[in-house]
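Written out below as structure tokens is the structure these notes cover.
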Amino acid sequence: MIWDGGGDGVNWSDADNWDGNIAPADGDVIVIDGDVGVDSVVHLDTNFTLTYGSITINSGDELVIDPTYELILSNSGGTGITNSGTISNSGTITVVNSGIATIGITNSGTISNSGELSVENTGEISTGIVNEGTLTNFDTLTVANSEISNYAILNIGTITNENSGTLSVENSSLSSTGILNEGTITNFGTITVLNSNGALGFNSVGSEGINNHGTITNSGELSVENTGEGSTGITNSGTLTNSGTITVVNSDFSNVGILNIGTITNENSGTLSVENSGPFTIGIGNAGTLTNSGTITVLNSSDALGASSIGITNIGTITNSGTLTVSNSSDNALGIRNHDIGTITNSGTITVSNSDFNSLGITNIGTLANSGDITVSNSGVSSFGIFNIGTITNSGTITVSNSGSNSRGILNDGTLANSGDITVSNSGVSSFGVFNSSNGSMNIMGGGAYNNNLGSATTNEGTINIYFGGTYNNNEGSTTTNLGNIFRCSGGVFNNFGTFNGNPLSELPCVIINEVELNPPGNDNISDDGVMEQVELYNPSSEPVDVSGWTVSSTHGTEHETIVMPSDTIIPVGGFLLVGLDSQWLDNDDETVILKNTLDVQVNSVGSFATPPLDEENDSRSWQLCVDGSYAWLFRESTLGQANDCLSEPPPAQLDVTPSDQDFGSAQINTDGDSHQFTVTNTGQTTSGTISLANGGTNPGDYLLQLGDTCTGATLASGLTCNFTLMFHPLGVGSRPATVTASEASGSSDSANLTGEGTEVPPTPAQLDVTPSDQDFGSAQINTDGDSHQFTVTNTGQSTSPAIAVSLGGSDPGDFSVTNDNCSSQTLAVGASCTFDVTFTPTATGPRSATVTASATGVGSASASLAGNGTAPPTSPADALRVLIIKAEGMGIDANMLNQAPGLLEDDKPNNDASVCGKLGAFINHVEVQAGKKLTHQETEELIVDAQEIEDTLGC
């Protein structure tokens with residue numbers, strides 16, 4: 001069944017719009033436009049159900065489902081709706097897939113839904129919607145899977161769920177996927193995916209809520225719930241960016257909330273929460289990159305015995321500058337597990353709480369670097385706050401509190417380097433604050449402090465090093481038991497206000513890494529040229545230190561090097577030692593330097609120098625340690641071999657705008673031209689004041705600030721950036737130079753030069769207009785002149801027209817003639833007009849139509865529609881009576897009363913006309929009696945009208 005638009009060209013229900021002039025019926029294979037080649041807009045103006053069959057909308061064509069109308073399609077094989085054109089739905093579309101390997105809707109064109117659109121998969125291996133084009137939802141879109149291995153939505157195009165849109169997907173079958181995305185999904189509204197119990201008691205085992213290989217951007221609400229075993233809420237191997245709310249709930253066995261092997265970014269305004277209420281579940285499994293500057297919350301709350309849930313497990317990279325909270329209220333739960341190849345970097349807040357039996361707050365086998373706040377609280381029996389067999393570097397605050405019996409605050413079997421604050425408090429029976437195993441190394445660096453608080457017990461079987469400026473506080477009511485070695489460097493502090501047992505403290509030769517020059521002046525790419533990347537060692541103790549055989553190692557440079565100190569290398573009291581190579585053994589912005597003694601014990605380590613400002617210039621600036629009590633690393637002019645300068649003020653904020661020169665090309669005056677983005681960077685070492693943007697120069701009003709400005713009103717920490725975009729909108733012609741300046745409250749500013757060319761708006765060509773555009777000429781007898789009407793042609797453009805030609809076309813051009821033509825062969829100046837007349841001379845009876853067109857080469861044309869009615873020459877009353885008699889008898893009506901009437905009229909005797917009038921009156925009465933009997937109402941009216949016209953002619 002193919003649409004040909006032969007009827008009204010608009011409505012589905014008009015049978016003449018379809019080939020064969022038959023409206024679509026159940027079972028038809030329906031094609032809108034087919035091979036006709038004419039773009040059509042088809043309105044579904046009736047409710048239509050297709051229990052079998054299909055619908056295809058071709059490219060360039062559109063199916064519109066108007067409000068209140070419903071399209072229902074049951075698909076037992078193949079594809080229900082195939083769209084490569086446009087579907088605009090303001091009503092209801094329902095598609096049910098009941099066959100194996102069926103597809104509800106395949107879209108390679110455009111679907112816009114402002115009504116209700118639902119697809120249900122009840123057949124195996126089926127797909128609800130396959131989208132290769134553009135799908136935009138403004139209202140309600142629902143897809144349900146109730147059989148094995150189904151996809152609700154497969155997207156390799158673009159899906160946009162607008163603010164008012166609700167997109168719902170439900171999996172109630174085995175191994176189904178709610179949304180498989182290989183394209184782009186943008187959500188401003190609400191997306192809900194449910195992996196649930198099936199109608200026959202089967203769980204949605206092994207189902208996935210969302211599997212993303214493409215790009216998902218969420219600024220609305222996105223929720224996934226798993227109530228079936230072994231299900232995954234979100235699997236991401238693409239890019240997922242959230243500035244809205246994402247919620248994942250696991251309520252059955254062995255579920256995973258979010259599995260990430262791609263990139264997830266949770267922005268400042270973003271909230272991401274995962275709840276595990278089933279046993280053996282994982283909230284977030286990360287093998288990719290997870291960046292959080294907003295809020296992430298993971299809750300393990302199963303009440304099953306031996307639940308063994310994990311909040312976050314990481315073998316990738318997690319960077320947190322926001323708030324990350326993990327709560328364990330199930331036994332054997334693990335808050336955060338960071339594997340040996342995993343990296344967690346925290347400059348925000350991480351909070352882990354254990355409130356049930358045998359739980360672990362944080363297990364670290366990899367690398368955990370903290371410059372923010374980490375808080376772990378144990379209120380469950382036999383729980384651990386932090387279990388470390390990897391490397392923990394702390395320059396922020398770590399707080400562990402035990403209120404459950406037989407708990408451990410920190411169990412360290414790896415390396416713990418602290419230049420911040422670590423505090424452990426125990427109020428539970430038989431609990432330990434810190435247990436540092438025989439393999440463990442705990443370093444309290446300059447500026448760092450470890451607080452063993454009331455009720456807390458710290459046991460050391462390994463090594464604790466208290467370096468220059470580090471502090472160990474064994475506070476009142478606490479106990480430290482030293483079964484290994486606690487080394488204290490001169491300048492390190494051990495405050496004992498509680499109980500100390502075991503081996504006494506040992507003095508540690510105190511040498512610290514004091515300055516690092518990662519990128520010196522000159523070319524450090526060339527060996528043997530004397531340009532040295534160097535590390536400065538400093539002896540702050542009261543005795544000389546022999547560092548013979550000690551090593552200094554790099555970890556990230558182009559050439560990972562270990563430098564061994566030669567024999568008889570002694571650093572005097574207050575002295576310095578420079579260690580370096582003329583190669584790139586130190587990375588400019590991601591380096592960790594390690595100092596070890598002859599026992600291979602790590603004496604000091606610093607790094608990673610990845611926080612802006614970065615040492616990216618070949619200049620004399622270096623990273624320097626302040627030993628004045630702050631123990632901060634500052635980026636200053638090099639003081640290698642001398643005391644570091646920590647007293648002078650650091651370089652102030654300095655704004656840098658890039659690009660510094662931007663050409664916007666050309667644009668017509670008062671129209672929008674190109675847009676370009678600019679980046680503002682604080683290259684100084686202090687946080688900037690509030691930033692403002694201002695245009696200046698010759699033409700400041702030609703460059704317009706666009707939405708998305710992250711600079712105005714912001715402050716920038718050292719090394720951070722913001723962005724803004726300008727659009728060229730010239731107000732005049734010619735060169736339009738200007739400047740844009742970014743300024744901050746403390747006085748720093750920088751500008752970029754802006755250039756663009758304003759061009760004249762080219763004059764529009766001549767444009768012809770014919771008035772009136774429609775003219776009715778009334779009626780005229782055939783082959784006689786009827787009415788004439790004048791038409792005016794006006795040049796509404798901005799250029800003189802070429803010579804004009806006036807012509808007739810359309811259905812009946814021979815029924816009209818052009819007269820008094822003052823336009824043909826004439827040119828028209830801007831705004832000028834000319835006239836011509838058209839006369840109606842019909843050649844046949846009935847409606848007659850045509851068009852009259854004024855055209856000019858290269859300009860185009862303008863037309864007016866012409867209409868008139870051709871009438872036959874008048875007939876005599878006698879002939880009209882004879883026609884009436886024949887018509888009446890043809891309809892089965894006795895017209896004997898009129899048989900003599902024509903002869904009476906032709907006899908032309910007195911009173912004959914009056915006699916005929918009487919006969920006509922009798923005939924009319926006779927016809928009225930037969931109405932609804934022998935005659936239809938239409939036939940009755942037709943005979944009466946003909947008789948009355950003869951009466952009017954006779955003057956009856």
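By order in the structure tokens, chains are A, B, ...; within a chain, residues start at 1; ligands start at 1, following the order shown.
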
Legend entry - Residues near Ser478 (chain A), cut-off 7 Å, only C-alpha atoms, skip fewer than 6 positions along chain, as a VMD selection string: chain A and resid 452 to 457 498 to 499

Inset, instruction - Any chance you could list, as a PyMOL selection string, the residues in region 81-181 of chain A that come up strand (DSSP E or B) when DSSP is run on the backbone? - result: chain A and resi 81-83+86-89+92-97+103-107+110-113+116-121+127-131+134-137+140-145+151-155+158-161+166-171+177-181

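For the choices A:Ser567, A:Asn276, A:Thr375, A:Thr263, the atom-to-atom distance to Thr319 (chain A) is smallest for A:Thr263 when using only C-alpha atoms.
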
Test item, alpha helix (DSSP H) assignment across region 763-933 of chain A, answer as a short mmCIF file (atom, residue, chain, number, x, y, z; two decimals) with C-alpha atoms, in the first residue's frame:
data_model
loop_
_atom_site.label_atom_id
_atom_site.label_comp_id
_atom_site.auth_asym_id
_atom_site.auth_seq_id
_atom_site.Cartn_x
_atom_site.Cartn_y
_atom_site.Cartn_z
CA PRO A 877 -38.27 27.54 -22.75
CA ALA A 878 -39.72 24.94 -25.11
CA ASP A 879 -36.38 23.14 -25.48
CA ALA A 880 -35.84 23.37 -21.71
CA LEU A 881 -39.25 21.71 -21.18
CA ARG A 882 -38.35 18.87 -23.52
CA VAL A 883 -35.08 18.26 -21.57
CA LEU A 884 -37.03 18.30 -18.28
CA ILE A 885 -39.56 15.74 -19.56
CA ILE A 886 -36.77 13.36 -20.67
CA LYS A 887 -34.91 13.77 -17.32
CA ALA A 888 -38.10 13.13 -15.27
CA GLU A 889 -39.05 10.03 -17.22
CA GLY A 890 -35.49 8.76 -16.86
CA ALA A 901 -46.32 22.41 -22.99
CA PRO A 902 -43.51 22.82 -25.61
CA GLY A 903 -46.02 23.01 -28.44
CA LEU A 904 -48.12 25.60 -26.57
CA LEU A 905 -45.07 27.84 -26.17
CA GLU A 906 -44.14 27.55 -29.86
CA ASP A 907 -47.80 28.25 -30.96
CA ASN A 912 -50.45 29.82 -23.66
CA ASP A 913 -47.64 30.93 -21.32
CA ALA A 914 -50.07 31.04 -18.39
CA SER A 915 -51.27 27.56 -19.25
CA VAL A 916 -47.72 26.24 -19.25
CA CYS A 917 -47.06 27.93 -15.89
CA GLY A 918 -49.97 25.99 -14.43
CA LYS A 919 -48.64 22.73 -15.80
CA LEU A 920 -45.21 23.46 -14.31
CA GLY A 921 -46.76 24.12 -10.89
CA ALA A 922 -48.61 20.81 -11.05
CA PHE A 923 -45.40 19.05 -12.03
CA ILE A 924 -43.52 20.54 -9.08
CA ASN A 925 -46.26 19.37 -6.68
CA HIS A 926 -46.15 15.88 -8.22
CA VAL A 927 -42.36 15.72 -7.78
CA GLU A 928 -42.56 16.82 -4.14
CA VAL A 929 -44.98 13.98 -3.40
#

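CA of Val41 (chain A) is positioned 7.9 Å from CA of Gly9 (chain A).
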
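The shortest atom-to-atom distance to Gly420 (chain A), with only C-alpha atoms taken into account, belongs to A:Ala632 out of A:Val298, A:Ile261, A:Ile594, A:Ala632.
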
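Residues within 10 Å of Leu537 (chain A), counting only C-alpha atoms and excluding same-chain residues fewer than 2 positions away, are Val511, Ile512, Ile513, Asn514, Glu515, Val516, Gln534, Val535, Asn539, Pro540, Val552, Ile571, Gly575, Phe576, Leu577, Leu578, Val579, Leu595, Leu640 and Gly641 of chain A.
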
Can those selected residues be exported to a file as an mmCIF file, in the first residue's frame so that it contains N, CA and C atoms?
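Final file, again-v9.cif:
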data_model
loop_
_atom_site.group_PDB
_atom_site.id
_atom_site.type_symbol
_atom_site.label_atom_id
_atom_site.label_comp_id
_atom_site.auth_asym_id
_atom_site.auth_seq_id
_atom_site.Cartn_x
_atom_site.Cartn_y
_atom_site.Cartn_z
ATOM 1 N N VAL A 511 68.697 13.168 56.524
ATOM 2 C CA VAL A 511 68.948 13.851 55.269
ATOM 3 C C VAL A 511 67.610 13.960 54.547
ATOM 4 N N ILE A 512 67.337 15.116 54.025
ATOM 5 C CA ILE A 512 66.068 15.306 53.325
ATOM 6 C C ILE A 512 66.319 15.812 51.912
ATOM 7 N N ILE A 513 65.354 15.504 51.023
ATOM 8 C CA ILE A 513 65.361 16.087 49.679
ATOM 9 C C ILE A 513 64.811 17.500 49.820
ATOM 10 N N ASN A 514 65.636 18.480 49.475
ATOM 11 C CA ASN A 514 65.343 19.871 49.824
ATOM 12 C C ASN A 514 64.954 20.724 48.620
ATOM 13 N N GLU A 515 65.423 20.322 47.422
ATOM 14 C CA GLU A 515 65.122 21.104 46.221
ATOM 15 C C GLU A 515 65.238 20.190 45.010
ATOM 16 N N VAL A 516 64.351 20.391 44.016
ATOM 17 C CA VAL A 516 64.349 19.570 42.806
ATOM 18 C C VAL A 516 64.252 20.492 41.593
ATOM 19 N N GLN A 534 68.709 18.281 38.562
ATOM 20 C CA GLN A 534 69.380 18.023 39.833
ATOM 21 C C GLN A 534 68.400 17.893 41.001
ATOM 22 N N VAL A 535 68.888 17.156 42.012
ATOM 23 C CA VAL A 535 68.201 17.012 43.297
ATOM 24 C C VAL A 535 69.157 17.484 44.378
ATOM 25 N N ASN A 539 71.213 18.370 55.065
ATOM 26 C CA ASN A 539 71.380 17.758 56.384
ATOM 27 C C ASN A 539 70.958 18.759 57.454
ATOM 28 N N PRO A 540 69.735 18.577 58.002
ATOM 29 C CA PRO A 540 69.279 19.532 59.020
ATOM 30 C C PRO A 540 69.653 19.113 60.447
ATOM 31 N N VAL A 552 69.677 7.839 45.122
ATOM 32 C CA VAL A 552 68.600 8.758 44.729
ATOM 33 C C VAL A 552 68.049 8.229 43.409
ATOM 34 N N ILE A 571 77.690 14.709 54.197
ATOM 35 C CA ILE A 571 77.030 16.013 54.187
ATOM 36 C C ILE A 571 77.206 16.629 55.568
ATOM 37 N N GLY A 575 74.587 21.299 55.733
ATOM 38 C CA GLY A 575 75.175 21.334 54.414
ATOM 39 C C GLY A 575 74.252 20.778 53.336
ATOM 40 N N PHE A 576 74.686 20.979 52.077
ATOM 41 C CA PHE A 576 73.901 20.581 50.917
ATOM 42 C C PHE A 576 74.741 19.666 50.017
ATOM 43 N N LEU A 577 74.052 18.765 49.307
ATOM 44 C CA LEU A 577 74.702 17.912 48.315
ATOM 45 C C LEU A 577 73.822 17.895 47.076
ATOM 46 N N LEU A 578 74.439 18.232 45.910
ATOM 47 C CA LEU A 578 73.706 18.231 44.649
ATOM 48 C C LEU A 578 73.964 16.924 43.911
ATOM 49 N N VAL A 579 72.863 16.279 43.505
ATOM 50 C CA VAL A 579 72.929 15.016 42.785
ATOM 51 C C VAL A 579 72.201 15.207 41.461
ATOM 52 N N LEU A 595 64.839 8.717 48.135
ATOM 53 C CA LEU A 595 66.154 8.642 48.772
ATOM 54 C C LEU A 595 66.176 7.443 49.709
ATOM 55 N N LEU A 640 69.775 26.264 44.448
ATOM 56 C CA LEU A 640 70.561 25.043 44.582
ATOM 57 C C LEU A 640 71.890 25.324 45.278
ATOM 58 N N GLY A 641 72.172 24.511 46.310
ATOM 59 C CA GLY A 641 73.410 24.666 47.074
ATOM 60 C C GLY A 641 73.323 25.709 48.160
#

Inset, instruction - Tell me which protein, DNA and RNA residues are within 10 Å of region 152-157 of chain A, counting only C-alpha atoms, leaving out same-chain ones fewer than 5 positions away, and put them as a ChimeraX atom specification. - result: /A:103-109,119-121,126-135,142-146,168-171,176-185,193,209-214

Inset, instruction - Please identify all polymer residues within 6 Å of Asn699 (chain A), counting only C-alpha atoms, omitting same-chain residues fewer than 6 positions from it, and present them as a list in words. - result: Arg736, Pro737 and Ala738 of chain A

I'd like the contact shell of Ile341 (chain A) - 12 Å cut-off, only C-alpha atoms, skipping same-chain residues fewer than 5 positions apart - returned as a short mmCIF file (atom, residue, chain, number, x, y, z; two decimals) with C-alpha atoms, in the first residue's frame.
data_model
loop_
_atom_site.label_atom_id
_atom_site.label_comp_id
_atom_site.auth_asym_id
_atom_site.auth_seq_id
_atom_site.Cartn_x
_atom_site.Cartn_y
_atom_site.Cartn_z
CA ASN A 286 36.58 0.91 37.82
CA ALA A 287 39.14 -0.24 35.29
CA GLY A 288 39.19 3.05 33.41
CA THR A 313 36.96 -1.72 43.44
CA ASN A 314 39.62 0.00 41.33
CA ILE A 315 42.23 -1.25 38.88
CA GLY A 316 42.24 2.02 36.94
CA THR A 317 42.49 5.65 37.95
CA ILE A 318 40.22 7.50 40.34
CA ASN A 364 45.11 -0.40 49.22
CA ILE A 365 47.42 -2.61 47.19
CA GLY A 366 48.24 0.06 44.64
CA THR A 367 48.85 3.77 45.00
CA LEU A 368 46.76 6.14 47.08
CA GLY A 390 50.78 -0.78 48.61
CA THR A 391 51.82 2.85 48.85
#

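Residue nearest Thr463 (chain A), chosen from A:Ile486, A:Ile398, A:Ile444, A:Leu704 and counting only C-alpha atoms: A:Ile486.
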
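If only C-alpha atoms are the atoms counted, then among A:Ser608, A:Val573, A:Pro659, A:Ile282 the closest residue to Asp590 (chain A) is A:Ser608.
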